[in-house]
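Listing of my_file_9.tsv; format and content: TSV, C-alpha atoms.
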chain	number	residue	atom	x	y	z
V	1	GLY	CA	94.22	50.35	44.71
V	2	ALA	CA	91.34	50.09	42.28
V	3	GLY	CA	88.73	52.80	42.39
V	4	VAL	CA	85.02	52.66	41.67
V	5	SER	CA	84.35	51.31	38.20
V	6	GLN	CA	81.21	51.66	36.10
V	7	SER	CA	80.02	50.07	32.90
V	8	PRO	CA	79.24	50.80	30.21
V	9	SER	CA	80.92	54.19	29.90
V	10	ASN	CA	78.42	55.21	27.24
V	11	LYS	CA	74.98	53.88	26.42
V	12	VAL	CA	72.66	54.96	23.64
V	13	THR	CA	69.16	53.52	23.73
V	14	GLU	CA	65.84	54.10	22.07
V	15	LYS	CA	62.96	55.63	23.97
V	16	GLY	CA	60.88	52.95	25.65
V	17	LYS	CA	63.70	50.41	26.05
V	18	ASP	CA	65.07	49.22	29.41
V	19	VAL	CA	68.70	49.80	30.40
V	20	GLU	CA	70.96	48.41	33.11
V	21	LEU	CA	73.95	50.29	34.46
V	22	ARG	CA	76.59	48.56	36.56
V	23	CYS	CA	78.76	49.77	39.43
V	24	ASP	CA	81.69	48.00	41.11
V	25	PRO	CA	82.52	49.79	44.38
V	26	ILE	CA	85.88	49.92	46.11
V	27	SER	CA	86.54	46.64	47.87
V	28	GLY	CA	85.54	46.78	51.51
V	29	HIS	CA	83.26	49.78	51.14
V	30	THR	CA	79.91	49.03	52.71
V	31	ALA	CA	78.01	52.08	51.47
V	32	LEU	CA	77.14	52.58	47.79
V	33	TYR	CA	75.39	55.55	46.22
V	34	TRP	CA	73.87	56.37	42.84
V	35	TYR	CA	73.63	59.94	41.56
V	36	ARG	CA	72.46	61.49	38.32
V	37	GLN	CA	74.14	64.49	36.69
V	38	SER	CA	72.31	66.49	34.07
V	39	LEU	CA	72.69	70.00	32.71
V	40	GLY	CA	69.41	71.24	34.09
V	41	GLN	CA	69.45	69.56	37.51
V	42	GLY	CA	73.10	69.32	38.49
V	43	LEU	CA	74.09	66.36	40.68
V	44	GLU	CA	71.08	64.59	42.21
V	45	PHE	CA	71.09	61.81	44.79
V	46	LEU	CA	69.07	58.78	43.66
V	47	ILE	CA	69.54	55.86	46.06
V	48	TYR	CA	71.97	54.45	48.59
V	49	PHE	CA	72.76	51.04	50.03
V	50	GLN	CA	74.36	50.30	53.37
V	51	GLY	CA	75.40	46.70	53.91
V	52	ASN	CA	72.37	44.41	53.95
V	53	SER	CA	69.94	47.08	55.11
V	54	ALA	CA	66.98	48.16	53.01
V	55	PRO	CA	68.13	50.85	50.57
V	56	ASP	CA	67.19	54.50	50.89
V	57	LYS	CA	65.20	55.10	47.69
V	58	SER	CA	64.11	58.61	48.55
V	59	GLY	CA	65.83	60.20	45.55
V	60	LEU	CA	64.50	57.96	42.80
V	61	PRO	CA	62.54	60.20	40.39
V	62	SER	CA	59.91	57.62	39.37
V	63	ASP	CA	58.94	53.97	39.71
V	64	ARG	CA	60.69	53.28	36.40
V	65	PHE	CA	63.97	53.48	38.33
V	66	SER	CA	65.17	50.65	40.54
V	67	ALA	CA	68.47	49.40	41.87
V	68	GLU	CA	69.89	46.25	43.39
V	69	ARG	CA	73.06	45.43	45.22
V	70	THR	CA	74.06	41.79	45.22
V	71	GLY	CA	76.17	40.31	47.99
V	72	GLY	CA	76.92	43.72	49.39
V	73	SER	CA	79.17	44.56	46.45
V	74	VAL	CA	78.20	45.12	42.80
V	75	SER	CA	75.14	47.24	42.10
V	76	THR	CA	72.93	47.64	39.05
V	77	LEU	CA	70.68	50.59	38.34
V	78	THR	CA	67.79	49.72	36.04
V	79	ILE	CA	65.69	52.22	34.14
V	80	GLN	CA	62.57	50.80	32.54
V	81	ARG	CA	60.77	52.32	29.56
V	82	THR	CA	63.40	55.01	29.16
V	83	GLN	CA	62.34	58.57	28.33
V	84	GLN	CA	64.38	61.35	26.75
V	85	GLU	CA	64.53	63.19	30.07
V	86	ASP	CA	66.44	60.22	31.49
V	87	SER	CA	69.44	61.26	29.37
V	88	ALA	CA	72.20	62.15	31.83
V	89	VAL	CA	75.43	60.90	33.34
V	90	TYR	CA	74.79	58.31	36.05
V	91	LEU	CA	77.45	58.30	38.74
V	92	CYS	CA	78.14	55.71	41.37
V	93	ALA	CA	80.08	56.36	44.59
V	94	SER	CA	81.14	54.23	47.52
V	95	SER	CA	82.37	54.91	51.03
V	96	VAL	CA	83.71	52.95	53.98
V	97	SER	CA	80.50	53.74	55.85
V	98	PRO	CA	77.65	56.20	55.37
V	99	GLY	CA	77.61	59.60	56.98
V	100	LEU	CA	80.85	61.32	57.88
V	101	TYR	CA	83.01	59.40	55.42
V	102	GLU	CA	84.43	60.32	52.06
V	103	GLN	CA	82.49	59.20	49.00
V	104	TYR	CA	84.62	58.14	46.04
V	105	PHE	CA	83.04	58.47	42.63
V	106	GLY	CA	83.36	56.36	39.53
V	107	PRO	CA	83.74	57.86	36.02
V	108	GLY	CA	80.02	57.59	35.30
V	109	THR	CA	77.85	56.14	32.53
V	110	ARG	CA	76.63	58.61	29.93
V	111	LEU	CA	73.10	57.59	28.94
V	112	THR	CA	71.53	59.01	25.80
V	113	VAL	CA	67.90	58.23	25.04
V	114	THR	CA	66.96	58.88	21.42
W	1	GLY	CA	65.04	68.18	52.69
W	2	GLU	CA	68.43	69.81	52.46
W	3	ASN	CA	69.04	72.62	49.96
W	4	VAL	CA	72.53	73.82	49.02
W	5	GLU	CA	73.15	77.10	47.22
W	6	GLN	CA	76.54	77.75	45.57
W	7	HIS	CA	78.04	81.01	44.24
W	8	PRO	CA	79.36	82.10	41.87
W	9	SER	CA	78.41	79.85	38.96
W	10	THR	CA	81.50	81.00	37.04
W	11	LEU	CA	84.72	82.43	38.46
W	12	SER	CA	87.63	83.68	36.39
W	13	VAL	CA	90.90	84.56	38.15
W	14	GLN	CA	94.44	85.35	37.08
W	15	GLU	CA	96.98	82.61	37.58
W	16	GLY	CA	98.58	83.06	40.98
W	17	ASP	CA	95.60	84.87	42.50
W	18	SER	CA	93.20	83.37	45.05
W	19	ALA	CA	89.74	81.96	44.36
W	20	VAL	CA	86.84	81.75	46.81
W	21	ILE	CA	83.64	79.76	46.33
W	22	LYS	CA	80.78	80.05	48.80
W	23	CYS	CA	77.93	77.73	49.73
W	24	THR	CA	74.97	77.93	52.07
W	25	TYR	CA	72.84	75.07	53.34
W	26	SER	CA	69.39	74.92	54.86
W	27	ASP	CA	69.31	71.92	57.21
W	28	SER	CA	71.03	72.65	60.51
W	29	ALA	CA	71.35	68.88	61.09
W	30	SER	CA	73.87	68.57	58.24
W	31	ASN	CA	77.26	67.68	59.68
W	32	TYR	CA	79.52	66.76	56.79
W	33	PHE	CA	80.62	69.16	54.05
W	34	PRO	CA	82.84	67.88	51.22
W	35	TRP	CA	84.14	69.72	48.18
W	36	TYR	CA	84.60	67.99	44.84
W	37	LYS	CA	86.52	68.91	41.71
W	38	GLN	CA	85.25	67.62	38.39
W	39	GLU	CA	87.18	67.70	35.15
W	40	LEU	CA	85.57	67.19	31.78
W	41	GLY	CA	84.49	63.60	31.19
W	42	LYS	CA	85.44	62.43	34.67
W	43	GLY	CA	83.65	61.72	37.91
W	44	PRO	CA	83.86	64.18	40.82
W	45	GLN	CA	87.04	63.93	42.87
W	46	LEU	CA	87.05	64.75	46.58
W	47	ILE	CA	89.56	67.52	47.31
W	48	ILE	CA	88.78	68.47	50.91
W	49	ASP	CA	86.04	68.03	53.46
W	50	ILE	CA	85.08	69.40	56.85
W	51	ARG	CA	82.95	68.08	59.66
W	52	SER	CA	80.67	70.13	61.86
W	53	ASN	CA	82.92	70.03	64.90
W	54	VAL	CA	85.66	71.93	63.03
W	55	GLY	CA	85.68	75.56	61.84
W	56	GLU	CA	88.54	75.46	59.38
W	57	LYS	CA	90.69	72.92	57.60
W	58	LYS	CA	93.67	73.42	55.33
W	59	ASP	CA	95.53	71.19	52.91
W	60	GLN	CA	98.39	72.92	51.09
W	61	ARG	CA	96.81	75.54	48.78
W	62	ILE	CA	93.25	74.56	49.62
W	63	ALA	CA	91.28	75.54	52.71
W	64	VAL	CA	87.67	75.24	53.77
W	65	THR	CA	85.87	77.27	56.44
W	66	LEU	CA	82.55	76.44	58.09
W	67	ASN	CA	80.20	78.75	59.97
W	68	LYS	CA	77.48	76.56	61.49
W	69	THR	CA	75.59	79.46	62.98
W	70	ALA	CA	75.20	81.13	59.61
W	71	LYS	CA	74.99	77.78	57.78
W	72	HIS	CA	77.61	78.61	55.23
W	73	PHE	CA	80.95	77.19	54.17
W	74	SER	CA	83.58	78.32	51.71
W	75	LEU	CA	86.42	76.92	49.63
W	76	HIS	CA	89.61	78.95	49.32
W	77	ILE	CA	92.28	78.17	46.72
W	78	THR	CA	95.48	80.20	46.93
W	79	GLU	CA	98.22	80.65	44.31
W	80	THR	CA	95.96	79.28	41.60
W	81	GLN	CA	97.52	77.24	38.80
W	82	PRO	CA	96.23	76.26	35.32
W	83	GLU	CA	95.48	72.72	36.56
W	84	ASP	CA	92.99	74.18	39.05
W	85	SER	CA	90.65	74.94	36.12
W	86	ALA	CA	87.59	72.69	36.59
W	87	VAL	CA	84.06	72.65	37.98
W	88	TYR	CA	83.89	72.64	41.78
W	89	PHE	CA	80.93	71.34	43.76
W	90	CYS	CA	80.12	71.81	47.41
W	91	ALA	CA	77.86	69.34	49.19
W	92	ALA	CA	76.20	68.74	52.54
W	93	SER	CA	75.08	65.56	54.22
W	94	ILE	CA	73.63	64.15	57.41
W	95	THR	CA	73.83	60.38	57.13
W	96	ASP	CA	72.67	59.52	53.65
W	97	GLY	CA	73.28	60.82	50.14
W	98	LEU	CA	74.99	64.11	49.48
W	99	THR	CA	73.06	67.21	48.45
W	100	PHE	CA	75.16	69.16	45.96
W	101	GLY	CA	75.36	72.79	44.98
W	102	LYS	CA	74.98	73.60	41.28
W	103	GLY	CA	78.72	73.94	40.76
W	104	THR	CA	81.25	76.69	40.03
W	105	HIS	CA	83.21	76.72	36.80
W	106	LEU	CA	86.65	78.00	37.81
W	107	ILE	CA	88.73	79.44	34.98
W	108	ILE	CA	92.40	80.25	35.55
W	109	GLN	CA	93.60	82.95	33.16
W	110	PRO	CA	97.30	82.75	32.19
Output the structure of this file as structure tokens.
Amino acid sequence: GAGVSQSPSNKVTEKGKDVELRCDPISGHTALYWYRQSLGQGLEFLIYFQGNSAPDKSGLPSDRFSAERTGGSVSTLTIQRTQQEDSAVYLCASSVSPGLYEQYFGPGTRLTVT
Amino acid sequence: GENVEQHPSTLSVQEGDSAVIKCTYSDSASNYFPWYKQELGKGPQLIIDIRSNVGEKKDQRIAVTLNKTAKHFSLHITETQPEDSAVYFCAASITDGLTFGKGTHLIIQP
């Protein structure tokens, strides 16, 4: 079946602009995760959603980062007033349920802030 | 929070030989340990995982071992092939997001 999809695949933006990244999880998966992958920091957890519960935002690096998940499915990660250090690959993953279940990753969105 | 250390950062082996990647974790409450393979330009792909109630798991040429007392786990790849060349990540989790190691770049020499 269809895997996790993300859009856009690449995004170039100017410093100070806002960007929105989209994730479509695997159908039926209740848990959705956002991660960031950069050369200096490796793979970092940002935020996760489980069903209709309040998201775990413990990994968000600053208040410029926010995320929503509408109807328990599609999620958008928004970065306001982008900075050059925000340049990274943003990965989305989903799983049947949080915890002891496999997380399946999408291909990622490569964000470049100029 | 959880901290995962992964070694080595680069591993070069001859085709057909075995490769071993080791990870340690800090939080004894972690109970799920997946391994991911990432090829250039793609997202990480789960290759094997182990839960804390199991000491070893094998899937064809890939095996993972877990020592909860020592808080370390390892990935073993036998009879390595050129298509095994990639970056491998270990991770640990309790109930929320995964904490990843820094990755191991595995190079298979022909």
Hey, could you make a per-residue contact list for chain W against chain V with 6 Å as the cut-off, showing the nearest pair of atoms and its distance in Å to one decimal, counting all atoms listed in the file, sorted by chain and number, as CSV?
residue,atom,partner,partner_atom,distance
W:Tyr32,CA,V:Leu100,CA,5.7
W:Lys42,CA,V:Pro107,CA,5.1
W:Gly43,CA,V:Pro107,CA,4.3
W:Thr95,CA,V:Gly99,CA,3.9
W:Asp96,CA,V:Gly99,CA,6.0
W:Gly97,CA,V:Phe45,CA,5.9
W:Lys102,CA,V:Gly42,CA,5.4
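Residue nearest His76 of chain W within the list W:Gln45, W:Ser28, W:Gln109, W:Ser18: W:Ser18 [criterion: smallest interatomic distance, all atoms listed in the file].
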(request) Can you pull out every residue within 12 Å of Arg64 of chain V, counting all atoms listed in the file, but drop anything in the same chain fewer than 6 positions away, and send it as a ChimeraX atom specification? (result) /V:16-20,77-83,86
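If all atoms listed in the file are the atoms counted, then among V:Thr112, V:Gln84, V:Ser53, V:Thr76 the closest residue to Arg22 of chain V is V:Thr76.
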(message) Would you compute the distance between atom CA of Ser7 of chain V and atom CA of Pro34 of chain W? Give it in Å to one decimal.
(response)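 Atom-to-atom, atom CA of Ser7 of chain V and atom CA of Pro34 of chain W are spaced 25.7 Å apart.
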(message) Just to confirm, what's the straight-line distance from atom CA of Val87 of chain W to atom CA of Trp35 of chain W in Å (one decimal)?
(response)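 Between these atoms lies a distance of 10.6 Å.
Distance-wise, atom CA of Ala86 of chain W and atom CA of Thr65 of chain W end up 20.4 Å apart.
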(request) Would you mind listing what lies within 8 Å of Ser75 of chain V as a PyMOL selection string, with only C-alpha atoms counted and same-chain residues fewer than 5 positions away left out? (result) chain V and resi 22-24+67-70
(message) What's around Phe89 of chain W at 8 Å? Count only C-alpha atoms, leave out sequence neighbours fewer than 4 positions away in its own chain, and write the answer as a ChimeraX atom specification.
(response) /W:6,35-38,100-104
Output for the residues just chosen: C-alpha atoms as an mmCIF file, keeping the file's coordinate frame:
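Once written, again_9.cif looks like this:
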data_model
loop_
_atom_site.group_PDB
_atom_site.id
_atom_site.type_symbol
_atom_site.label_atom_id
_atom_site.label_comp_id
_atom_site.auth_asym_id
_atom_site.auth_seq_id
_atom_site.Cartn_x
_atom_site.Cartn_y
_atom_site.Cartn_z
ATOM 1 C CA GLN W 6 76.540 77.750 45.570
ATOM 2 C CA TRP W 35 84.140 69.720 48.180
ATOM 3 C CA TYR W 36 84.600 67.990 44.840
ATOM 4 C CA LYS W 37 86.520 68.910 41.710
ATOM 5 C CA GLN W 38 85.250 67.620 38.390
ATOM 6 C CA PHE W 100 75.160 69.160 45.960
ATOM 7 C CA GLY W 101 75.360 72.790 44.980
ATOM 8 C CA LYS W 102 74.980 73.600 41.280
ATOM 9 C CA GLY W 103 78.720 73.940 40.760
ATOM 10 C CA THR W 104 81.250 76.690 40.030
#
Could you write out as JSON the box around segment 34-39 of chain V (axis-aligned, all atoms listed in the file, 6 Å on each side), with centre and edge lengths in Å to one decimal?
{"center_x": 73.2, "center_y": 63.2, "center_z": 37.8, "size_x": 13.8, "size_y": 25.6, "size_z": 22.1}
(request) Pull the neighbourhood of (84.0, 72.3, 61.1) for me: all residues within 8 Å in file coordinates, counting all atoms listed in the file, as number ranges by chain. (result) W: 50-57, 65-68
Print the selection's residues with C-alpha atoms to a file, as a JSON list (two decimals), in the coordinates of the input.
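Result went into part15.json, see below:
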[["chain", "number", "residue", "atom", "x", "y", "z"],
["W", 50, "ILE", "CA", 85.08, 69.40, 56.85],
["W", 51, "ARG", "CA", 82.95, 68.08, 59.66],
["W", 52, "SER", "CA", 80.67, 70.13, 61.86],
["W", 53, "ASN", "CA", 82.92, 70.03, 64.90],
["W", 54, "VAL", "CA", 85.66, 71.93, 63.03],
["W", 55, "GLY", "CA", 85.68, 75.56, 61.84],
["W", 56, "GLU", "CA", 88.54, 75.46, 59.38],
["W", 57, "LYS", "CA", 90.69, 72.92, 57.60],
["W", 65, "THR", "CA", 85.87, 77.27, 56.44],
["W", 66, "LEU", "CA", 82.55, 76.44, 58.09],
["W", 67, "ASN", "CA", 80.20, 78.75, 59.97],
["W", 68, "LYS", "CA", 77.48, 76.56, 61.49]]
(request) Using only C-alpha atoms, pick whichever of V:Arg36, V:Glu14, V:Pro8, V:Pro55 has the shortest atom-to-atom distance to Thr99 of chain W. (result) V:Arg36
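Distances here use all atoms listed in the file; by that measure, the residue among W:Gln60, W:Ser12, W:Thr24, W:Asn3 closest to Ile108 of chain W is W:Ser12.
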(message) I want to know what sits within 8 Å of segment 27-29 of chain V, based on all atoms listed in the file, with residues of the same chain fewer than 5 positions away left out; could you give that as a PyMOL selection string?
(response) chain V and resi 73+94-97
Next, dump the selected residues to file, keeping only C-alpha atoms, as a PDB file, keeping the file's coordinate frame.
ATOM      1  CA  SER V  73      79.170  44.560  46.450  1.00  0.00           C
ATOM      2  CA  SER V  94      81.140  54.230  47.520  1.00  0.00           C
ATOM      3  CA  SER V  95      82.370  54.910  51.030  1.00  0.00           C
ATOM      4  CA  VAL V  96      83.710  52.950  53.980  1.00  0.00           C
ATOM      5  CA  SER V  97      80.500  53.740  55.850  1.00  0.00           C
TER       6      SER V  97
END
(request) Return the single residue from V:Pro25, V:Val12, V:Gly51, V:Gln6 that is closest to Val74 of chain V, with distances computed using only C-alpha atoms. (result)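 Ranking V:Pro25, V:Val12, V:Gly51, V:Gln6 by distance to Val74 of chain V, first place goes to V:Pro25.
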